>>> print(open('model19.cif').read())   # mmCIF, C-alpha atoms
data_my_file
loop_
_atom_site.label_atom_id
_atom_site.label_comp_id
_atom_site.auth_asym_id
_atom_site.auth_seq_id
_atom_site.Cartn_x
_atom_site.Cartn_y
_atom_site.Cartn_z
CA MET M 1 2.85 18.59 54.21
CA SER M 2 4.75 19.77 51.16
CA THR M 3 6.60 23.05 50.99
CA PRO M 4 4.86 25.30 48.42
CA SER M 5 6.40 26.17 45.10
CA GLN M 6 7.49 29.73 44.31
CA THR M 7 8.69 31.36 41.12
CA VAL M 8 12.39 31.27 40.25
CA GLY M 9 12.03 35.02 39.66
CA PRO M 10 13.95 37.17 37.18
CA TYR M 11 17.44 36.36 38.45
CA LEU M 12 17.47 32.58 38.23
CA SER M 13 20.43 32.84 35.87
CA ILE M 14 22.80 33.65 38.75
CA GLY M 15 21.88 30.46 40.59
CA LEU M 16 20.66 27.64 38.39
CA PRO M 17 22.66 27.37 35.16
CA TRP M 18 25.63 25.01 35.14
CA GLU M 19 28.49 25.24 32.70
CA ASP M 20 27.82 21.65 31.62
CA GLY M 21 24.04 21.96 32.10
CA PRO M 22 23.07 21.71 28.41
CA TYR M 23 25.09 18.49 28.07
CA ALA M 24 22.97 15.54 29.13
CA VAL M 25 25.76 13.60 27.46
CA ARG M 26 29.43 14.47 26.93
CA PRO M 27 29.80 16.46 23.71
CA ASP M 28 32.17 13.99 22.01
CA THR M 29 29.79 11.04 22.42
CA PRO M 30 28.91 9.24 19.17
CA GLY M 31 25.22 9.60 18.38
CA ALA M 32 24.74 12.76 20.46
CA VAL M 33 21.93 14.93 19.10
CA LYS M 34 20.96 18.50 19.78
CA ILE M 35 17.40 19.31 20.81
CA ARG M 36 16.70 23.01 20.68
CA GLY M 37 13.75 25.34 20.75
CA THR M 38 12.29 28.65 21.79
CA VAL M 39 9.97 29.42 24.69
CA TYR M 40 7.15 31.84 23.76
CA ASP M 41 4.65 33.72 25.91
CA GLY M 42 0.99 34.42 25.19
CA ALA M 43 1.83 37.43 23.01
CA GLY M 44 4.08 35.26 20.86
CA ASP M 45 7.19 36.94 22.28
CA PRO M 46 10.22 34.88 23.27
CA VAL M 47 10.74 34.35 26.99
CA PRO M 48 14.34 35.34 27.78
CA ASP M 49 14.36 34.42 31.47
CA ALA M 50 13.18 30.82 31.58
CA LEU M 51 15.00 27.59 32.35
CA VAL M 52 14.34 24.33 30.53
CA GLU M 53 15.20 21.04 32.22
CA THR M 54 15.05 17.62 30.55
CA TRP M 55 14.98 14.13 32.08
CA GLN M 56 14.96 10.89 30.14
CA ALA M 57 15.85 7.22 29.86
CA ASP M 58 19.10 6.11 28.26
CA PRO M 59 19.17 4.70 24.70
CA ASP M 60 18.16 1.28 26.08
CA GLY M 61 15.17 2.77 27.87
CA ARG M 62 16.80 2.28 31.29
CA PHE M 63 17.40 4.54 34.28
CA ASP M 64 20.35 4.67 36.65
CA HIS M 65 17.95 4.77 39.58
CA PRO M 66 16.86 2.35 42.35
CA ASP M 67 13.16 2.80 41.58
CA ASP M 68 13.49 1.34 38.09
CA PRO M 69 11.93 -2.06 38.90
CA ARG M 70 14.05 -3.70 36.21
CA GLY M 71 17.07 -2.74 38.35
CA ALA M 72 19.25 0.31 38.13
CA VAL M 73 21.80 0.16 35.36
CA ALA M 74 24.88 2.33 35.22
CA ALA M 75 24.32 5.09 32.70
CA PRO M 76 26.37 4.88 29.50
CA ASP M 77 29.71 6.65 29.89
CA GLY M 78 29.24 10.41 30.10
CA PHE M 79 25.43 10.20 30.01
CA ARG M 80 23.57 12.07 32.76
CA GLY M 81 20.07 11.88 31.32
CA PHE M 82 19.43 15.34 32.74
CA GLY M 83 19.86 18.58 30.84
CA ARG M 84 19.41 22.14 32.01
CA CYS M 85 19.56 25.26 29.87
CA PRO M 86 18.50 28.86 30.56
CA THR M 87 16.86 30.61 27.62
CA ASP M 88 18.91 33.32 25.92
CA ALA M 89 17.80 36.84 24.94
CA GLN M 90 15.85 35.32 22.03
CA GLY M 91 14.13 32.75 24.25
CA ARG M 92 16.22 29.90 22.83
CA TRP M 93 17.44 26.83 24.69
CA GLU M 94 19.30 23.70 23.65
CA VAL M 95 20.33 20.39 25.17
CA LEU M 96 22.73 17.82 23.74
CA THR M 97 21.73 14.25 24.51
CA LEU M 98 21.36 10.68 23.31
CA LEU M 99 17.91 9.75 22.09
CA PRO M 100 15.96 7.86 24.75
CA GLY M 101 15.01 4.26 24.08
CA ALA M 102 11.48 2.97 24.38
CA ILE M 103 10.24 2.07 27.84
CA PRO M 104 7.96 -0.98 27.97
CA GLY M 105 4.51 0.23 27.01
CA GLN M 106 5.61 3.77 26.16
CA ALA M 107 7.03 5.50 23.12
CA PRO M 108 10.46 7.14 23.55
CA HIS M 109 10.04 10.48 25.27
CA ILE M 110 11.75 13.14 27.38
CA ASP M 111 10.10 14.79 30.38
CA VAL M 112 10.54 18.56 30.40
CA SER M 113 10.17 21.19 33.14
CA VAL M 114 9.99 24.88 32.27
CA LEU M 115 10.63 27.37 35.06
CA GLY M 116 10.69 31.14 34.80
CA ARG M 117 9.71 34.53 36.07
CA GLY M 118 5.92 34.69 36.01
CA LEU M 119 5.63 30.93 36.53
CA LEU M 120 4.65 30.38 40.16
CA HIS M 121 5.44 26.72 39.68
CA ARG M 122 7.10 24.80 36.89
CA VAL M 123 5.11 23.61 33.91
CA VAL M 124 5.74 20.08 32.69
CA THR M 125 5.55 18.72 29.18
CA ARG M 126 6.95 15.82 27.15
CA ILE M 127 9.02 15.63 23.98
CA TYR M 128 8.22 12.80 21.55
CA PHE M 129 10.00 12.14 18.25
CA PRO M 130 8.49 12.14 14.76
CA GLU M 131 10.07 8.79 13.75
CA HIS M 132 7.89 6.83 16.16
CA ALA M 133 4.40 7.44 14.78
CA GLU M 134 3.52 3.78 15.24
CA ALA M 135 4.59 3.71 18.89
CA HIS M 136 2.74 6.98 19.47
CA ALA M 137 -0.51 5.26 18.56
CA GLY M 138 -0.07 2.98 21.59
CA ASP M 139 1.44 5.46 24.02
CA PRO M 140 -0.66 5.73 27.19
CA VAL M 141 0.21 9.39 27.81
CA LEU M 142 -0.44 10.59 24.27
CA ALA M 143 -3.74 8.71 24.52
CA LEU M 144 -4.78 11.19 27.23
CA VAL M 145 -4.13 14.17 24.95
CA PRO M 146 -6.82 15.40 22.54
CA GLU M 147 -5.75 14.43 19.06
CA ASP M 148 -5.70 17.98 17.72
CA ARG M 149 -3.18 19.03 20.40
CA ARG M 150 -0.78 16.07 20.20
CA ALA M 151 1.42 17.74 17.59
CA THR M 152 2.64 20.22 20.24
CA LEU M 153 4.43 17.31 21.93
CA ILE M 154 6.26 16.04 18.85
CA ALA M 155 9.66 17.51 18.06
CA GLN M 156 10.48 18.51 14.52
CA ARG M 157 13.44 16.84 12.78
CA VAL M 158 15.96 19.35 11.39
CA ASP M 159 19.45 19.04 9.93
CA ASP M 160 21.29 19.35 13.23
CA GLY M 161 18.86 17.48 15.47
CA TYR M 162 15.37 18.36 16.65
CA VAL M 163 13.38 21.49 17.38
CA PHE M 164 10.90 21.61 20.24
CA ASP M 165 9.27 24.99 20.90
CA VAL M 166 7.25 25.69 24.02
CA ARG M 167 4.23 27.99 23.79
CA LEU M 168 3.15 28.85 27.30
CA GLN M 169 -0.18 30.35 26.28
CA GLY M 170 -2.47 31.05 23.35
CA GLU M 171 -2.57 29.68 19.85
CA GLY M 172 -0.76 26.38 19.58
CA GLU M 173 -0.37 26.27 23.36
CA THR M 174 1.88 23.38 24.34
CA VAL M 175 0.19 20.53 26.15
CA PHE M 176 1.21 20.66 29.80
CA PHE M 177 0.81 17.93 32.37
CA ASP M 178 -0.13 17.95 36.00
CA VAL M 179 2.57 15.72 37.38
CA MET W 1 -7.14 7.01 32.09
CA VAL W 2 -4.87 4.12 31.08
CA ALA W 3 -6.89 1.33 29.53
CA PRO W 4 -6.76 -1.79 31.68
CA THR W 5 -4.75 -4.52 29.99
CA THR W 6 -2.62 -7.40 31.20
CA PRO W 7 -0.35 -6.14 33.96
CA ARG W 8 3.31 -6.50 33.15
CA PRO W 9 5.02 -8.20 36.07
CA GLY W 10 8.01 -6.39 37.46
CA LEU W 11 7.15 -2.84 36.40
CA VAL W 12 5.80 -1.80 39.77
CA VAL W 13 6.66 1.81 40.42
CA PRO W 14 5.99 4.04 43.42
CA GLN W 15 3.24 6.63 43.13
CA TYR W 16 3.58 10.14 44.50
CA ARG W 17 0.72 11.76 46.35
CA ARG W 18 -0.91 14.83 44.86
CA ASP W 19 -0.62 17.76 47.25
CA PRO W 20 -3.86 19.07 48.80
CA ASP W 21 -5.52 22.02 47.05
CA GLY W 22 -4.08 25.28 48.26
CA THR W 23 -0.54 23.97 48.77
CA HIS W 24 0.93 25.47 45.60
CA PRO W 25 0.16 28.75 43.85
CA PRO W 26 -2.05 28.82 40.77
CA LEU W 27 -0.25 29.67 37.54
CA ASP W 28 -2.87 32.32 36.77
CA PHE W 29 -2.56 34.87 39.56
CA ALA W 30 -3.53 38.41 38.59
CA ASP W 31 -1.82 40.08 41.56
CA TYR W 32 1.53 38.98 40.13
CA GLY W 33 1.56 40.76 36.79
CA SER W 34 4.14 38.57 35.08
CA THR W 35 1.77 35.59 35.16
CA ALA W 36 -0.60 37.31 32.68
CA LEU W 37 1.08 36.18 29.46
CA ARG W 38 2.86 33.15 30.86
CA HIS W 39 0.13 30.96 32.34
CA PRO W 40 -1.30 28.22 30.14
CA LYS W 41 -5.02 28.64 29.48
CA GLN W 42 -5.72 24.99 28.86
CA ARG W 43 -6.17 22.69 31.81
CA PRO W 44 -3.10 20.54 32.42
CA ILE W 45 -3.56 16.83 31.74
CA LEU W 46 -3.07 14.52 34.69
CA LEU W 47 0.17 12.62 34.07
CA PRO W 48 0.29 9.04 35.34
CA HIS W 49 3.46 8.31 37.31
CA MET W 50 5.49 5.91 35.24
CA LEU W 51 9.21 5.22 35.01
CA THR W 52 10.33 8.64 33.80
CA GLU W 53 8.30 10.37 36.50
CA VAL W 54 9.47 8.27 39.45
CA THR W 55 13.17 8.55 38.65
CA ALA W 56 15.51 11.54 38.73
CA PRO W 57 19.14 12.35 38.09
CA VAL W 58 21.69 11.30 40.67
CA LEU W 59 23.68 14.49 41.09
CA GLY W 60 26.74 13.96 43.20
CA GLU W 61 29.54 15.77 44.94
CA GLY W 62 31.08 16.48 41.53
CA ARG W 63 28.68 19.41 41.25
CA LEU W 64 30.17 21.15 44.28
CA GLY W 65 33.09 23.52 44.62
CA GLU W 66 35.07 23.90 47.82
CA HIS W 67 33.25 26.95 49.21
CA ASP W 68 29.84 26.40 47.69
CA ASN W 69 28.11 26.05 51.07
CA ASP W 70 29.70 29.18 52.56
CA LEU W 71 28.74 32.30 50.62
CA THR W 72 30.85 34.48 52.92
CA VAL W 73 34.24 33.04 51.90
CA GLN W 74 33.98 32.96 48.12
CA HIS W 75 36.04 36.13 47.66
CA ALA W 76 39.17 37.71 49.06
CA GLY W 77 37.15 39.91 51.42
CA GLU W 78 34.04 39.28 53.52
CA PRO W 79 30.65 40.41 52.27
CA GLN W 80 28.81 43.19 54.10
CA GLY W 81 25.77 42.35 56.17
CA GLN W 82 24.44 40.16 58.95
CA ARG W 83 26.17 36.77 58.86
CA ILE W 84 23.66 33.92 59.19
CA ILE W 85 23.57 30.15 59.19
CA VAL W 86 20.68 28.59 57.30
CA HIS W 87 20.16 24.93 58.04
CA GLY W 88 17.47 22.32 58.02
CA ARG W 89 16.40 18.99 56.65
CA LEU W 90 15.15 17.84 53.29
CA LEU W 91 12.25 15.47 53.96
CA ASP W 92 9.62 13.67 51.97
CA GLY W 93 5.92 13.86 52.75
CA ASP W 94 6.18 10.95 55.17
CA GLY W 95 8.88 12.63 57.24
CA ARG W 96 11.67 10.52 55.81
CA PRO W 97 14.95 12.34 55.20
CA VAL W 98 16.09 12.71 51.59
CA PRO W 99 19.82 11.96 51.84
CA HIS W 100 22.65 12.88 49.44
CA SER W 101 20.50 15.23 47.41
CA LEU W 102 21.59 18.47 45.75
CA VAL W 103 20.39 21.75 47.31
CA GLU W 104 20.95 24.95 45.32
CA ILE W 105 20.35 28.49 46.59
CA TRP W 106 20.61 32.02 45.22
CA GLN W 107 19.84 35.36 46.80
CA ALA W 108 20.31 39.13 46.87
CA ASN W 109 23.09 40.71 48.92
CA ALA W 110 22.55 42.45 52.26
CA ALA W 111 21.43 45.62 50.46
CA GLY W 112 18.83 43.71 48.47
CA ARG W 113 20.66 43.69 45.16
CA TYR W 114 21.31 40.63 43.00
CA LYS W 115 24.55 40.17 41.13
CA HIS W 116 22.65 40.15 37.85
CA VAL W 117 23.03 42.52 34.89
CA ASN W 118 19.32 43.32 34.90
CA ASP W 119 19.18 44.31 38.58
CA ARG W 120 19.85 48.06 38.39
CA TRP W 121 18.09 49.54 41.39
CA PRO W 122 20.25 52.00 43.35
CA ALA W 123 21.55 49.71 46.06
CA PRO W 124 25.23 48.81 46.21
CA VAL W 125 26.68 45.72 44.58
CA ASP W 126 28.96 43.86 46.99
CA PRO W 127 32.17 42.78 45.25
CA ASN W 128 32.60 40.08 47.88
CA PHE W 129 29.23 38.44 47.43
CA ASP W 130 27.89 36.37 44.53
CA GLY W 131 24.79 35.11 46.33
CA VAL W 132 24.99 31.56 44.96
CA GLY W 133 25.39 28.37 47.00
CA ARG W 134 25.19 24.60 46.58
CA THR W 135 25.47 21.68 48.93
CA MET W 136 24.41 18.05 49.32
CA THR W 137 22.18 16.79 52.10
CA ASP W 138 23.95 14.35 54.41
CA ALA W 139 22.82 10.82 55.31
CA ASP W 140 20.10 12.31 57.56
CA GLY W 141 18.89 14.77 54.93
CA ARG W 142 20.55 17.72 56.66
CA TYR W 143 22.00 20.72 54.88
CA GLU W 144 23.67 23.91 56.06
CA PHE W 145 24.78 27.16 54.45
CA THR W 146 26.61 30.17 55.83
CA THR W 147 25.60 33.39 54.12
CA VAL W 148 24.44 36.95 54.87
CA LYS W 149 20.85 37.93 55.41
CA PRO W 150 19.48 39.18 52.09
CA GLY W 151 17.88 42.63 51.97
CA ALA W 152 14.39 43.42 50.75
CA TYR W 153 14.20 45.00 47.31
CA PRO W 154 11.72 47.03 45.28
CA TRP W 155 10.09 45.83 42.07
CA ARG W 156 7.52 47.26 39.69
CA ASN W 157 4.62 44.87 40.17
CA HIS W 158 2.39 47.38 41.99
CA ASP W 159 2.73 50.75 43.72
CA ASN W 160 5.62 50.83 46.17
CA ALA W 161 6.12 47.10 45.79
CA TRP W 162 8.86 45.41 47.84
CA ARG W 163 9.82 41.76 47.97
CA PRO W 164 10.27 40.46 51.52
CA ALA W 165 13.80 39.18 52.16
CA HIS W 166 14.11 35.66 50.78
CA ILE W 167 16.51 32.97 49.63
CA HIS W 168 15.64 30.91 46.54
CA PHE W 169 15.93 27.13 47.03
CA SER W 170 16.06 24.47 44.30
CA LEU W 171 15.59 20.78 45.18
CA PHE W 172 15.54 17.56 43.20
CA GLY W 173 14.57 14.79 45.61
CA THR W 174 14.65 11.31 44.11
CA ALA W 175 11.90 11.56 41.50
CA PHE W 176 10.90 13.92 38.68
CA THR W 177 7.60 14.34 40.55
CA GLN W 178 9.47 15.86 43.53
CA ARG W 179 11.32 18.66 41.73
CA LEU W 180 10.71 21.86 43.68
CA VAL W 181 11.85 25.46 43.53
CA THR W 182 10.71 27.61 46.42
CA GLN W 183 11.69 30.65 48.47
CA MET W 184 12.65 30.74 52.13
CA TYR W 185 11.42 33.77 54.05
CA PHE W 186 12.37 35.20 57.46
CA PRO W 187 10.08 35.29 60.50
CA ASP W 188 7.69 38.21 61.03
CA ASP W 189 8.61 40.11 57.88
CA PRO W 190 6.38 43.23 57.72
CA LEU W 191 6.43 43.02 53.91
CA PHE W 192 4.46 39.75 53.70
CA GLY W 193 1.11 41.54 53.58
CA GLN W 194 1.75 43.30 50.27
CA ASP W 195 3.75 40.55 48.53
CA PRO W 196 1.76 38.73 45.84
CA ILE W 197 4.35 35.99 45.42
CA PHE W 198 4.23 34.96 49.08
CA ASN W 199 0.45 35.33 49.08
CA SER W 200 0.01 33.39 45.84
CA VAL W 201 -0.02 30.27 48.01
CA PRO W 202 -3.72 29.92 48.82
CA ASP W 203 -3.50 28.03 52.12
CA PRO W 204 -2.18 30.26 54.95
CA ALA W 205 -0.77 27.21 56.74
CA ALA W 206 1.16 26.27 53.60
CA ARG W 207 2.47 29.85 53.36
CA ARG W 208 3.86 29.55 56.86
CA ARG W 209 5.87 26.50 55.76
CA MET W 210 7.98 28.86 53.63
CA VAL W 211 8.99 30.93 56.68
CA SER W 212 12.17 29.92 58.47
CA ARG W 213 12.44 29.79 62.25
CA TYR W 214 14.99 31.76 64.25
CA ASP W 215 17.12 29.08 65.91
CA HIS W 216 18.84 30.31 69.03
CA ASP W 217 20.34 26.89 69.77
CA ARG W 218 22.27 26.94 66.55
CA THR W 219 23.13 30.64 66.76
CA VAL W 220 26.89 30.86 67.25
CA GLU W 221 28.09 33.16 69.99
CA GLN W 222 30.05 36.13 68.71
CA TRP W 223 29.63 34.89 65.14
CA ALA W 224 26.28 34.28 63.39
CA LEU W 225 22.51 34.09 63.81
CA ALA W 226 20.88 30.82 62.78
CA TYR W 227 17.64 30.10 60.95
CA GLU W 228 16.11 26.67 60.51
CA PHE W 229 14.23 25.79 57.33
CA ASP W 230 12.97 22.27 56.68
CA ILE W 231 11.83 21.54 53.15
CA VAL W 232 9.22 18.87 52.46
CA LEU W 233 8.91 17.20 49.07
CA ARG W 234 5.98 15.08 47.97
CA GLY W 235 5.49 11.72 49.67
CA ARG W 236 4.58 8.38 48.19
CA GLU W 237 1.26 6.63 48.10
CA ALA W 238 1.08 3.57 50.32
CA THR W 239 0.38 1.34 47.34
CA PRO W 240 2.65 1.23 44.34
CA PHE W 241 1.28 1.13 40.83
CA GLU W 242 1.55 -1.83 38.53
CA ASP W 243 2.52 -0.36 35.20
CA GLU W 244 0.44 -1.67 32.36
CA ASP W 245 1.50 -3.14 29.07
CA GLU W 246 0.08 -1.01 26.31
CA ASP W 247 2.15 -2.79 23.73
CA ASP W 248 -0.71 -4.91 22.42
CA ASP W 249 -0.26 -3.83 18.82
CA ALA W 250 3.40 -4.83 18.67
#
>>> encode(input="model19.cif", output="structure tokens")
Amino acid sequence: MSTPSQTVGPYLSIGLPWEDGPYAVRPDTPGAVKIRGTVYDGAGDPVPDALVETWQADPDGRFDHPDDPRGAVAAPDGFRGFGRCPTDAQGRWEVLTLLPGAIPGQAPHIDVSVLGRGLLHRVVTRIYFPEHAEAHAGDPVLALVPEDRRATLIAQRVDDGYVFDVRLQGEGETVFFDV
Amino acid sequence: MVAPTTPRPGLVVPQYRRDPDGTHPPLDFADYGSTALRHPKQRPILLPHMLTEVTAPVLGEGRLGEHDNDLTVQHAGEPQGQRIIVHGRLLDGDGRPVPHSLVEIWQANAAGRYKHVNDRWPAPVDPNFDGVGRTMTDADGRYEFTTVKPGAYPWRNHDNAWRPAHIHFSLFGTAFTQRLVTQMYFPDDPLFGQDPIFNSVPDPAARRRMVSRYDHDRTVEQWALAYEFDIVLRGREATPFEDEDEDDDA
């Protein structure tokens, strides 16, 4: 019987952030891109006490994990695949990473957890990338999402990387998944 | 759900059981005021467990500092308060230990105050206590921390609101599906009755799984009281799932 979830509360920033948390890949790695965004609440205000975590495949679409049935592969040098960033006073977070490769049958994506005060358990969403419109048409997870809400899952390309905002509630509410 | 197409041999991935209703709190819980503007209004979409969901980061010893599992020796002096040992096992839903897995904790000091700039209630800060710990489970899924018993503290959720003493726990397990952040409570706390966070868990039996057990066997004579707290992450379905090839337009 599982242990229940509880909120991280208002003081998560003493316990959960890591100095290297926002670096899913070492900063000097060629091809590293920044994904950043803002977490908003139902009043449209930024959420300054949330934590965003990202988990993804490597650029070849592989995982350094025994449950990848294709066999675990060592992650590229300096690549952790996992990013963790608390939001700042303006609700902003950012993670530096390598873009994930496609996984057989799925478009490239990043799984995201958002934790925070007022969230009794995490909420889960996915980041997709605007370059892969064709792959999105065949993606089995996007297929479960009503068409008029899919855009909330697609990051926006900007000069220094991508922007992915999270709207917890209300207009433009991000699509969340029951994992 | 996923349209049936030709199964792709080799992409068989474990499936994680959904917890019974009542195990976890709802996101919309009026008694806890901060949920009002932060709970999604749309129903979440059921996410099939595919490769990204059944894997997780391997976070090793490199994350740990020398004294990360003993919160009483991180400064020149000892923190004030009742010294305690908190130990237990990290298990999956089938009772199997989760070995070599990162466990992170954070907590208030013995007076009930967090070392956080926004915690300003008039209880003393303890210069010898940060309230942050990390460790890895061993080969049998066991973990152990030495710390001080956190105090209760007031908050502004409702009239004369006090949080029962608790330690925050963060766990990864071996799959994205298993990620869990919870709170460990202490036995027989008189503050449970008025605490909306504890009571946000609908099933009373599930609530009790967040309460540690006083462990006299592990209590160290002339040194520290012990509390045992086992943490259970989601288990796997008996039958794995054959991932399906949706790539038919390639």
>>> resolve_selection(input="model19.cif", expression="the PyMOL selection byres ((chain M and resi 117) around 8)", output="JSON list (two decimals) with C-alpha atoms, in the frame of the given file")
[["chain", "number", "residue", "atom", "x", "y", "z"],
["M", 7, "THR", "CA", 8.69, 31.36, 41.12],
["M", 8, "VAL", "CA", 12.39, 31.27, 40.25],
["M", 9, "GLY", "CA", 12.03, 35.02, 39.66],
["M", 10, "PRO", "CA", 13.95, 37.17, 37.18],
["M", 49, "ASP", "CA", 14.36, 34.42, 31.47],
["M", 50, "ALA", "CA", 13.18, 30.82, 31.58],
["M", 115, "LEU", "CA", 10.63, 27.37, 35.06],
["M", 116, "GLY", "CA", 10.69, 31.14, 34.80],
["M", 118, "GLY", "CA", 5.92, 34.69, 36.01],
["M", 119, "LEU", "CA", 5.63, 30.93, 36.53],
["M", 120, "LEU", "CA", 4.65, 30.38, 40.16],
["W", 34, "SER", "CA", 4.14, 38.57, 35.08]]
>>> resolve_selection(input="model19.cif", expression="the PyMOL selection byres ((chain W and resi 106-109) around 9)", output="PyMOL selection string")
(chain M and resi 11-12+14-16) or (chain W and resi 79-81+104-105+110-115+124-126+129-134+148-153+165-170)
>>> write_last_selection(input="model19.cif", atoms="C-alpha atoms", output="mmCIF file, in the frame of the given file")
data_model
loop_
_atom_site.group_PDB
_atom_site.id
_atom_site.type_symbol
_atom_site.label_atom_id
_atom_site.label_comp_id
_atom_site.auth_asym_id
_atom_site.auth_seq_id
_atom_site.Cartn_x
_atom_site.Cartn_y
_atom_site.Cartn_z
ATOM 1 C CA TYR M 11 17.440 36.360 38.450
ATOM 2 C CA LEU M 12 17.470 32.580 38.230
ATOM 3 C CA ILE M 14 22.800 33.650 38.750
ATOM 4 C CA GLY M 15 21.880 30.460 40.590
ATOM 5 C CA LEU M 16 20.660 27.640 38.390
ATOM 6 C CA PRO W 79 30.650 40.410 52.270
ATOM 7 C CA GLN W 80 28.810 43.190 54.100
ATOM 8 C CA GLY W 81 25.770 42.350 56.170
ATOM 9 C CA GLU W 104 20.950 24.950 45.320
ATOM 10 C CA ILE W 105 20.350 28.490 46.590
ATOM 11 C CA ALA W 110 22.550 42.450 52.260
ATOM 12 C CA ALA W 111 21.430 45.620 50.460
ATOM 13 C CA GLY W 112 18.830 43.710 48.470
ATOM 14 C CA ARG W 113 20.660 43.690 45.160
ATOM 15 C CA TYR W 114 21.310 40.630 43.000
ATOM 16 C CA LYS W 115 24.550 40.170 41.130
ATOM 17 C CA PRO W 124 25.230 48.810 46.210
ATOM 18 C CA VAL W 125 26.680 45.720 44.580
ATOM 19 C CA ASP W 126 28.960 43.860 46.990
ATOM 20 C CA PHE W 129 29.230 38.440 47.430
ATOM 21 C CA ASP W 130 27.890 36.370 44.530
ATOM 22 C CA GLY W 131 24.790 35.110 46.330
ATOM 23 C CA VAL W 132 24.990 31.560 44.960
ATOM 24 C CA GLY W 133 25.390 28.370 47.000
ATOM 25 C CA ARG W 134 25.190 24.600 46.580
ATOM 26 C CA VAL W 148 24.440 36.950 54.870
ATOM 27 C CA LYS W 149 20.850 37.930 55.410
ATOM 28 C CA PRO W 150 19.480 39.180 52.090
ATOM 29 C CA GLY W 151 17.880 42.630 51.970
ATOM 30 C CA ALA W 152 14.390 43.420 50.750
ATOM 31 C CA TYR W 153 14.200 45.000 47.310
ATOM 32 C CA ALA W 165 13.800 39.180 52.160
ATOM 33 C CA HIS W 166 14.110 35.660 50.780
ATOM 34 C CA ILE W 167 16.510 32.970 49.630
ATOM 35 C CA HIS W 168 15.640 30.910 46.540
ATOM 36 C CA PHE W 169 15.930 27.130 47.030
ATOM 37 C CA SER W 170 16.060 24.470 44.300
#
>>> closest_residue(input="model19.cif", among="M:Val39, M:Ala75, M:Met1, M:Leu96", to="chain W", atoms="all atoms listed in the file")
M:Met1
>>> resolve_selection(input="model19.cif", expression="the PyMOL selection byres ((chain M) within 6 of (chain W))", output="list of chain:residue names")
M:Met1, M:Ser2, M:Thr3, M:Pro4, M:Ser5, M:Gln6, M:Gly15, M:Asp41, M:Gly42, M:Pro69, M:Gly105, M:Gly118, M:Leu120, M:Pro140, M:Leu168, M:Gln169, M:Phe176, M:Phe177, M:Asp178, M:Val179
>>> residues_around(input="model19.cif", residues="M:Phe129", least_positions_apart="4", cutoff="12 Å", atoms="only C-alpha atoms", output="PyMOL selection string")
chain M and resi 35+99-102+107-110+133-136+150-158+161-164
>>> write_last_selection(input="model19.cif", atoms="C-alpha atoms", output="compact mmCIF listing (two decimals), in the frame of the given file")
# COMPACT_ATOMS: atom_id res chain seq x y z
CA ILE M 35 17.40 19.31 20.81
CA LEU M 99 17.91 9.75 22.09
CA PRO M 100 15.96 7.86 24.75
CA GLY M 101 15.01 4.26 24.08
CA ALA M 102 11.48 2.97 24.38
CA ALA M 107 7.03 5.50 23.12
CA PRO M 108 10.46 7.14 23.55
CA HIS M 109 10.04 10.48 25.27
CA ILE M 110 11.75 13.14 27.38
CA ALA M 133 4.40 7.44 14.78
CA GLU M 134 3.52 3.78 15.24
CA ALA M 135 4.59 3.71 18.89
CA HIS M 136 2.74 6.98 19.47
CA ARG M 150 -0.78 16.07 20.20
CA ALA M 151 1.42 17.74 17.59
CA THR M 152 2.64 20.22 20.24
CA LEU M 153 4.43 17.31 21.93
CA ILE M 154 6.26 16.04 18.85
CA ALA M 155 9.66 17.51 18.06
CA GLN M 156 10.48 18.51 14.52
CA ARG M 157 13.44 16.84 12.78
CA VAL M 158 15.96 19.35 11.39
CA GLY M 161 18.86 17.48 15.47
CA TYR M 162 15.37 18.36 16.65
CA VAL M 163 13.38 21.49 17.38
CA PHE M 164 10.90 21.61 20.24
>>> atom_distance(input="model19.cif", atom1="atom CA of M:Val47", atom2="atom CA of W:Thr135")
29.3 Å
>>> decode(input="model19.cif", residues="stretch 56-62 of chain M", atoms="N, CA and C atoms", output="PDB file, in the first residue's frame")
ATOM      1  N   GLN M  56      13.995  12.937 -19.237  1.00  0.00           N
ATOM      2  CA  GLN M  56      13.945  12.762 -20.689  1.00  0.00           C
ATOM      3  C   GLN M  56      14.966  11.750 -21.188  1.00  0.00           C
ATOM      4  N   ALA M  57      14.755  11.311 -22.421  1.00  0.00           N
ATOM      5  CA  ALA M  57      15.717  10.464 -23.125  1.00  0.00           C
ATOM      6  C   ALA M  57      16.917  11.296 -23.569  1.00  0.00           C
ATOM      7  N   ASP M  58      17.996  10.601 -23.928  1.00  0.00           N
ATOM      8  CA  ASP M  58      19.166  11.302 -24.462  1.00  0.00           C
ATOM      9  C   ASP M  58      18.917  11.628 -25.949  1.00  0.00           C
ATOM     10  N   PRO M  59      19.879  12.286 -26.605  1.00  0.00           N
ATOM     11  CA  PRO M  59      19.624  12.696 -28.000  1.00  0.00           C
ATOM     12  C   PRO M  59      19.375  11.524 -28.957  1.00  0.00           C
ATOM     13  N   ASP M  60      19.768  10.311 -28.549  1.00  0.00           N
ATOM     14  CA  ASP M  60      19.464   9.136 -29.377  1.00  0.00           C
ATOM     15  C   ASP M  60      18.146   8.476 -28.972  1.00  0.00           C
ATOM     16  N   GLY M  61      17.442   9.063 -28.050  1.00  0.00           N
ATOM     17  CA  GLY M  61      16.171   8.485 -27.605  1.00  0.00           C
ATOM     18  C   GLY M  61      16.361   7.309 -26.653  1.00  0.00           C
ATOM     19  N   ARG M  62      17.530   7.246 -26.009  1.00  0.00           N
ATOM     20  CA  ARG M  62      17.827   6.117 -25.114  1.00  0.00           C
ATOM     21  C   ARG M  62      17.860   6.574 -23.650  1.00  0.00           C
TER      22      ARG M  62
END
